[in-house]
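Novice: Contents are PDB, C-alpha atoms; file name input-v2.pdb:
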```pdb
ATOM      1  CA  MET K   3      -6.015  30.632  30.627
ATOM      2  CA  MET K   4      -3.300  28.241  31.887
ATOM      3  CA  LYS K   5      -5.921  26.106  33.642
ATOM      4  CA  ILE K   6      -7.778  25.607  30.338
ATOM      5  CA  VAL K   7      -4.565  24.729  28.499
ATOM      6  CA  LYS K   8      -3.613  22.288  31.269
ATOM      7  CA  LYS K   9      -7.059  20.626  31.151
ATOM      8  CA  ILE K  10      -6.889  20.312  27.362
ATOM      9  CA  ALA K  11      -3.375  18.828  27.581
ATOM     10  CA  ILE K  12      -4.502  16.285  30.193
ATOM     11  CA  ALA K  13      -7.565  15.363  28.106
ATOM     12  CA  LEU K  14      -5.392  14.858  25.007
ATOM     13  CA  LEU K  15      -2.966  12.711  26.993
ATOM     14  CA  VAL K  16      -5.833  10.544  28.275
ATOM     15  CA  VAL K  17      -7.165  10.127  24.720
ATOM     16  CA  LEU K  18      -3.687   9.263  23.402
ATOM     17  CA  ILE K  19      -3.163   6.666  26.132
ATOM     18  CA  GLY K  20      -6.643   5.237  25.522
ATOM     19  CA  MET K  21      -5.909   4.906  21.795
ATOM     20  CA  GLN K  22      -3.035   2.548  22.580
ATOM     21  CA  PHE K  23      -5.564  -0.061  23.760
ATOM     22  CA  TYR K  24      -7.861   0.127  20.733
ATOM     23  CA  ARG K  25      -5.887  -0.597  17.597
ATOM     24  CA  PRO K  26      -7.179  -0.965  14.069
ATOM     25  CA  GLU K  27      -7.309  -4.439  12.574
ATOM     26  CA  LYS K  28      -4.096  -5.417  10.804
ATOM     27  CA  ASN K  29      -3.962  -6.341   7.123
ATOM     28  CA  ILE K  30      -2.349  -9.769   7.449
ATOM     29  CA  SER K  31      -3.004 -12.907   5.383
ATOM     30  CA  GLU K  32      -1.676 -16.425   5.402
ATOM     31  CA  GLY K  33      -0.456 -18.156   2.272
ATOM     32  CA  ASP K  34       0.337 -16.735  -1.138
ATOM     33  CA  TYR K  35      -2.009 -13.761  -1.226
ATOM     34  CA  VAL K  36      -0.923 -12.603  -4.722
ATOM     35  CA  ALA K  37      -0.593 -16.015  -6.419
ATOM     36  CA  ALA K  38      -3.566 -15.582  -8.770
ATOM     37  CA  PHE K  39      -2.396 -12.109  -9.803
ATOM     38  CA  GLU K  40       1.168 -13.233 -10.499
ATOM     39  CA  ALA K  41       0.056 -16.420 -12.283
ATOM     40  CA  GLU K  42      -2.159 -14.428 -14.638
ATOM     41  CA  THR K  43       0.080 -11.406 -15.258
ATOM     42  CA  LYS K  44       3.416 -13.274 -15.295
ATOM     43  CA  PRO K  45       5.742 -10.553 -13.971
ATOM     44  CA  SER K  46       9.454 -11.176 -14.363
ATOM     45  CA  ARG K  47      11.545 -11.821 -11.250
ATOM     46  CA  GLU K  48      12.623  -8.145 -11.330
ATOM     47  CA  VAL K  49       9.037  -6.864 -11.583
ATOM     48  CA  LYS K  50       7.886  -9.269  -8.835
ATOM     49  CA  GLN K  51      10.530  -7.775  -6.559
ATOM     50  CA  ILE K  52       9.453  -4.228  -7.424
ATOM     51  CA  LEU K  53       5.812  -5.108  -6.702
ATOM     52  CA  LYS K  54       6.774  -6.739  -3.401
ATOM     53  CA  THR K  55       8.980  -3.842  -2.317
ATOM     54  CA  ALA K  56       6.914  -0.892  -3.520
ATOM     55  CA  CYS K  57       3.285  -2.011  -3.963
ATOM     56  CA  TYR K  58       2.053  -5.029  -2.022
ATOM     57  CA  ASP K  59       2.136  -3.496   1.480
ATOM     58  CA  CYS K  60      -0.718  -1.129   0.582
ATOM     59  CA  HIS K  61      -2.280  -2.922  -2.379
ATOM     60  CA  SER K  62      -2.720  -6.528  -1.219
ATOM     61  CA  ALA K  63      -4.142  -8.591   1.619
ATOM     62  CA  ASN K  64      -0.843  -8.632   3.490
ATOM     63  CA  THR K  65       1.199  -5.793   4.933
ATOM     64  CA  GLU K  66       4.624  -6.073   6.508
ATOM     65  CA  TYR K  67       4.281  -3.608   9.340
ATOM     66  CA  PRO K  68       7.105  -1.445  10.678
ATOM     67  CA  TRP K  69       7.803  -1.427  14.420
ATOM     68  CA  TYR K  70       6.173   1.974  14.867
ATOM     69  CA  ASN K  71       2.791   0.612  13.750
ATOM     70  CA  THR K  72       2.217  -0.378  17.370
ATOM     71  CA  ILE K  73       1.950   3.281  18.371
ATOM     72  CA  ALA K  74      -1.327   5.158  17.993
ATOM     73  CA  PRO K  75      -2.126   7.410  16.171
ATOM     74  CA  VAL K  76       0.415   6.054  13.635
ATOM     75  CA  SER K  77      -1.411   2.704  13.565
ATOM     76  CA  TYR K  78      -4.653   4.470  12.574
ATOM     77  CA  TRP K  79      -2.890   6.517   9.893
ATOM     78  CA  LEU K  80      -1.305   3.394   8.365
ATOM     79  CA  ALA K  81      -4.584   1.465   8.499
ATOM     80  CA  ASP K  82      -6.302   4.301   6.641
ATOM     81  CA  HIS K  83      -3.580   4.383   3.959
ATOM     82  CA  ILE K  84      -3.809   0.616   3.454
ATOM     83  CA  GLU K  85      -7.610   0.653   3.283
ATOM     84  CA  ASP K  86      -7.498   3.473   0.736
ATOM     85  CA  GLY K  87      -4.793   1.725  -1.289
ATOM     86  CA  LYS K  88      -6.770  -1.514  -1.456
ATOM     87  CA  LYS K  89      -9.882   0.412  -2.461
ATOM     88  CA  HIS K  90      -8.042   1.686  -5.548
ATOM     89  CA  LEU K  91      -6.164  -1.533  -6.389
ATOM     90  CA  ASP K  92      -6.027  -4.837  -4.544
ATOM     91  CA  PHE K  93      -3.682  -7.362  -6.129
ATOM     92  CA  SER K  94      -5.090 -10.040  -3.801
ATOM     93  CA  ASP K  95      -8.545  -9.545  -5.303
ATOM     94  CA  TRP K  96      -7.322  -9.631  -8.929
ATOM     95  CA  GLN K  97      -9.195 -12.836  -9.804
ATOM     96  CA  ASN K  98     -12.489 -11.086  -8.973
ATOM     97  CA  TYR K  99     -11.900  -8.212 -11.401
ATOM     98  CA  ASP K 100     -13.365  -8.540 -14.888
ATOM     99  CA  GLU K 101     -11.095  -7.991 -17.890
ATOM    100  CA  LYS K 102     -12.190  -4.377 -18.380
ATOM    101  CA  LYS K 103     -11.416  -3.574 -14.751
ATOM    102  CA  LYS K 104      -8.038  -5.355 -14.933
ATOM    103  CA  ASP K 105      -7.137  -3.305 -17.996
ATOM    104  CA  HIS K 106      -8.203  -0.112 -16.232
ATOM    105  CA  LYS K 107      -6.260  -0.942 -13.059
ATOM    106  CA  LEU K 108      -3.101  -1.547 -15.084
ATOM    107  CA  GLU K 109      -3.704   1.707 -16.963
ATOM    108  CA  GLU K 110      -3.944   3.531 -13.622
ATOM    109  CA  LEU K 111      -0.805   1.766 -12.362
ATOM    110  CA  ILE K 112       1.098   3.000 -15.428
ATOM    111  CA  GLU K 113      -0.167   6.577 -14.970
ATOM    112  CA  GLU K 114       0.575   6.686 -11.246
ATOM    113  CA  VAL K 115       4.061   5.178 -11.526
ATOM    114  CA  LYS K 116       5.056   7.263 -14.567
ATOM    115  CA  GLY K 117       3.740  10.406 -12.885
ATOM    116  CA  GLY K 118       5.699   9.689  -9.707
ATOM    117  CA  SER K 119       2.557   9.508  -7.570
ATOM    118  CA  MET K 120       3.197   5.895  -6.621
ATOM    119  CA  PRO K 121       4.583   4.713  -4.377
ATOM    120  CA  LEU K 122       3.505   7.515  -2.081
ATOM    121  CA  ASN K 123       6.201   9.799  -0.693
ATOM    122  CA  GLU K 124       4.929   9.011   2.816
ATOM    123  CA  TYR K 125       5.771   5.361   2.143
ATOM    124  CA  THR K 126       9.196   5.922   0.580
ATOM    125  CA  TRP K 127      10.259   8.176   3.471
ATOM    126  CA  THR K 128      10.305   5.118   5.713
ATOM    127  CA  HIS K 129      10.886   2.470   3.025
ATOM    128  CA  ALA K 130      13.858   3.778   1.053
ATOM    129  CA  ASP K 131      14.056   0.568  -1.011
ATOM    130  CA  ALA K 132      10.557   1.323  -2.368
ATOM    131  CA  LYS K 133      11.744   4.504  -4.092
ATOM    132  CA  LEU K 134      11.787   3.477  -7.736
ATOM    133  CA  SER K 135      14.731   4.150 -10.022
ATOM    134  CA  GLU K 136      14.159   5.117 -13.661
ATOM    135  CA  GLU K 137      15.079   1.536 -14.653
ATOM    136  CA  GLN K 138      12.541   0.079 -12.214
ATOM    137  CA  ILE K 139       9.844   2.461 -13.422
ATOM    138  CA  SER K 140      10.618   1.471 -17.000
ATOM    139  CA  ALA K 141      10.511  -2.258 -16.179
ATOM    140  CA  LEU K 142       7.225  -1.941 -14.280
ATOM    141  CA  VAL K 143       5.566   0.197 -16.954
ATOM    142  CA  SER K 144       6.782  -2.060 -19.766
ATOM    143  CA  TRP K 145       5.422  -5.161 -17.990
ATOM    144  CA  ALA K 146       2.078  -3.437 -17.280
ATOM    145  CA  GLU K 147       1.727  -2.285 -20.898
ATOM    146  CA  LYS K 148       2.436  -5.807 -22.228
ATOM    147  CA  THR K 149      -0.006  -7.256 -19.722
ATOM    148  CA  ARG K 150      -2.695  -4.716 -20.679
ATOM    149  CA  ALA K 151      -2.431  -5.908 -24.282
ATOM    150  CA  THR K 152      -3.741  -9.325 -23.160
ATOM    151  CA  TYR K 153      -6.993  -7.772 -21.975
TER
END
```
Could you express the structure from this file as structure tokens?
Specialist:
Amino acid sequence: MMKIVKKIAIALLVVLIGMQFYRPEKNISEGDYVAAFEAETKPSREVKQILKTACYDCHSANTEYPWYNTIAPVSYWLADHIEDGKKHLDFSDWQNYDEKKKDHKLEELIEEVKGGSMPLNEYTWTHADAKLSEEQISALVSWAEKTRATY
């Protein structure tokens, strides 16, 4: 029994070490990757800061990675979260959404933020400044509702 456990442990260690050499592609862009979104939706300075702190890492073409992203399997877990986040809403791709889709994305943003589902708990555990206060939630929701009215 111990021999099997030892072999499994060695195999897992080899896999873990091997994973360190094959990292997922990072979500990094040059330039102002949310310029079109911000120009069209005109968030206030406060809302821009909320979006930057709590949303853009997972919902845009640029992520500011923490130091521990260099360690697999964490790097794979983060890459999966970012890919999934961008699939649901990508602020960097805003100009390619039609008006109906923009309205729907803002509706979802309102629902998720009001319901406390966004930002994800997994994100706020390591990004304490992304945990939204009631005032920030109110500001974000108010801005999104006003913006929805334009669509």
Novice: What gap, in Å, lies between atom CA of K:Gln138 and atom CA of K:Gly87?
Specialist: 20.6 Å
Novice: Can you turn the PyMOL selection byres ((chain K and resi 29) around 8) into a concrete residue list for this file, as a list of chain:residue names?
Specialist: K:Glu27, K:Lys28, K:Ile30, K:Ser31, K:Ala63, K:Asn64, K:Thr65, K:Ala81, K:Ile84
Novice: Do you know which residues the PyMOL selection byres ((chain K and resi 105-108) around 9) returns on this file, as a list in words?
Specialist: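 In the shown coordinates, the PyMOL selection byres ((chain K and resi 105-108) around 9) covers His90, Leu91, Asp100, Glu101, Lys102, Lys103, Lys104, Glu109, Glu110, Leu111, Ile112, Glu113, Ala146, Glu147, Thr149, Arg150, Ala151, Thr152 and Tyr153 of chain K.
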Novice: Since we have the selection now, will you write its residues out, keeping C-alpha atoms, as a PDB file, in the frame of the given file?
Specialist:
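Dumped to again-v5.pdb:
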```pdb
ATOM      1  CA  HIS K  90      -8.042   1.686  -5.548  1.00  0.00           C
ATOM      2  CA  LEU K  91      -6.164  -1.533  -6.389  1.00  0.00           C
ATOM      3  CA  ASP K 100     -13.365  -8.540 -14.888  1.00  0.00           C
ATOM      4  CA  GLU K 101     -11.095  -7.991 -17.890  1.00  0.00           C
ATOM      5  CA  LYS K 102     -12.190  -4.377 -18.380  1.00  0.00           C
ATOM      6  CA  LYS K 103     -11.416  -3.574 -14.751  1.00  0.00           C
ATOM      7  CA  LYS K 104      -8.038  -5.355 -14.933  1.00  0.00           C
ATOM      8  CA  GLU K 109      -3.704   1.707 -16.963  1.00  0.00           C
ATOM      9  CA  GLU K 110      -3.944   3.531 -13.622  1.00  0.00           C
ATOM     10  CA  LEU K 111      -0.805   1.766 -12.362  1.00  0.00           C
ATOM     11  CA  ILE K 112       1.098   3.000 -15.428  1.00  0.00           C
ATOM     12  CA  GLU K 113      -0.167   6.577 -14.970  1.00  0.00           C
ATOM     13  CA  ALA K 146       2.078  -3.437 -17.280  1.00  0.00           C
ATOM     14  CA  GLU K 147       1.727  -2.285 -20.898  1.00  0.00           C
ATOM     15  CA  THR K 149      -0.006  -7.256 -19.722  1.00  0.00           C
ATOM     16  CA  ARG K 150      -2.695  -4.716 -20.679  1.00  0.00           C
ATOM     17  CA  ALA K 151      -2.431  -5.908 -24.282  1.00  0.00           C
ATOM     18  CA  THR K 152      -3.741  -9.325 -23.160  1.00  0.00           C
ATOM     19  CA  TYR K 153      -6.993  -7.772 -21.975  1.00  0.00           C
TER      20      TYR K 153
END
```
Novice: For stretch 67-71 of chain K, list every protein, DNA or RNA residue within 12 Å, evaluated using all atoms listed in the file, and leave out those in the same chain fewer than 5 positions away; present the list as a PyMOL selection string.
Specialist: chain K and resi 22+25-30+58-60+76-81+84+125+128-129
Novice: Name the residues that the PyMOL selection byres ((chain K and resi 93) around 9) pulls out of this structure, and write them as a PyMOL selection string.
Specialist: chain K and resi 35-36+38-40+58+61-63+88+91-92+94-97
Novice: Considering all atoms listed in the file, state which residue in the set K:Ala141, K:Lys148, K:His83, K:Val7 is at the smallest distance from K:Leu53.
Specialist: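 Of K:Ala141, K:Lys148, K:His83, K:Val7, the one nearest K:Leu53, counting all atoms listed in the file, is K:Ala141.
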Novice: Here is a test: counting all atoms listed in the file, which residue of K:Ala37, K:Ile139, K:Cys57, K:Ala74 is nearest to K:Gly118?
Specialist: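 Checking each of K:Ala37, K:Ile139, K:Cys57, K:Ala74 against K:Gly118, counting all atoms listed in the file, the winner is K:Ile139.
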Novice: Suppose you want the space between atom CA of K:Ile52 and atom CA of K:Glu114; what is it in Å?
Specialist: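 Atom-to-atom, atom CA of K:Ile52 to atom CA of K:Glu114, that is 14.6 Å.
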Novice: Take atom CA of K:Trp145 and atom CA of K:Glu42 and report the distance between them in Å, one decimal.
Specialist: 12.4 Å
Novice: Check the smallest atom-to-atom distance from each of K:Glu137, K:Ile12, K:Ala56, K:Glu85 to K:Ser119 using all atoms listed in the file, then report the winner.
Specialist: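 Using all atoms listed in the file, the shortest distance to K:Ser119 belongs to K:Ala56.
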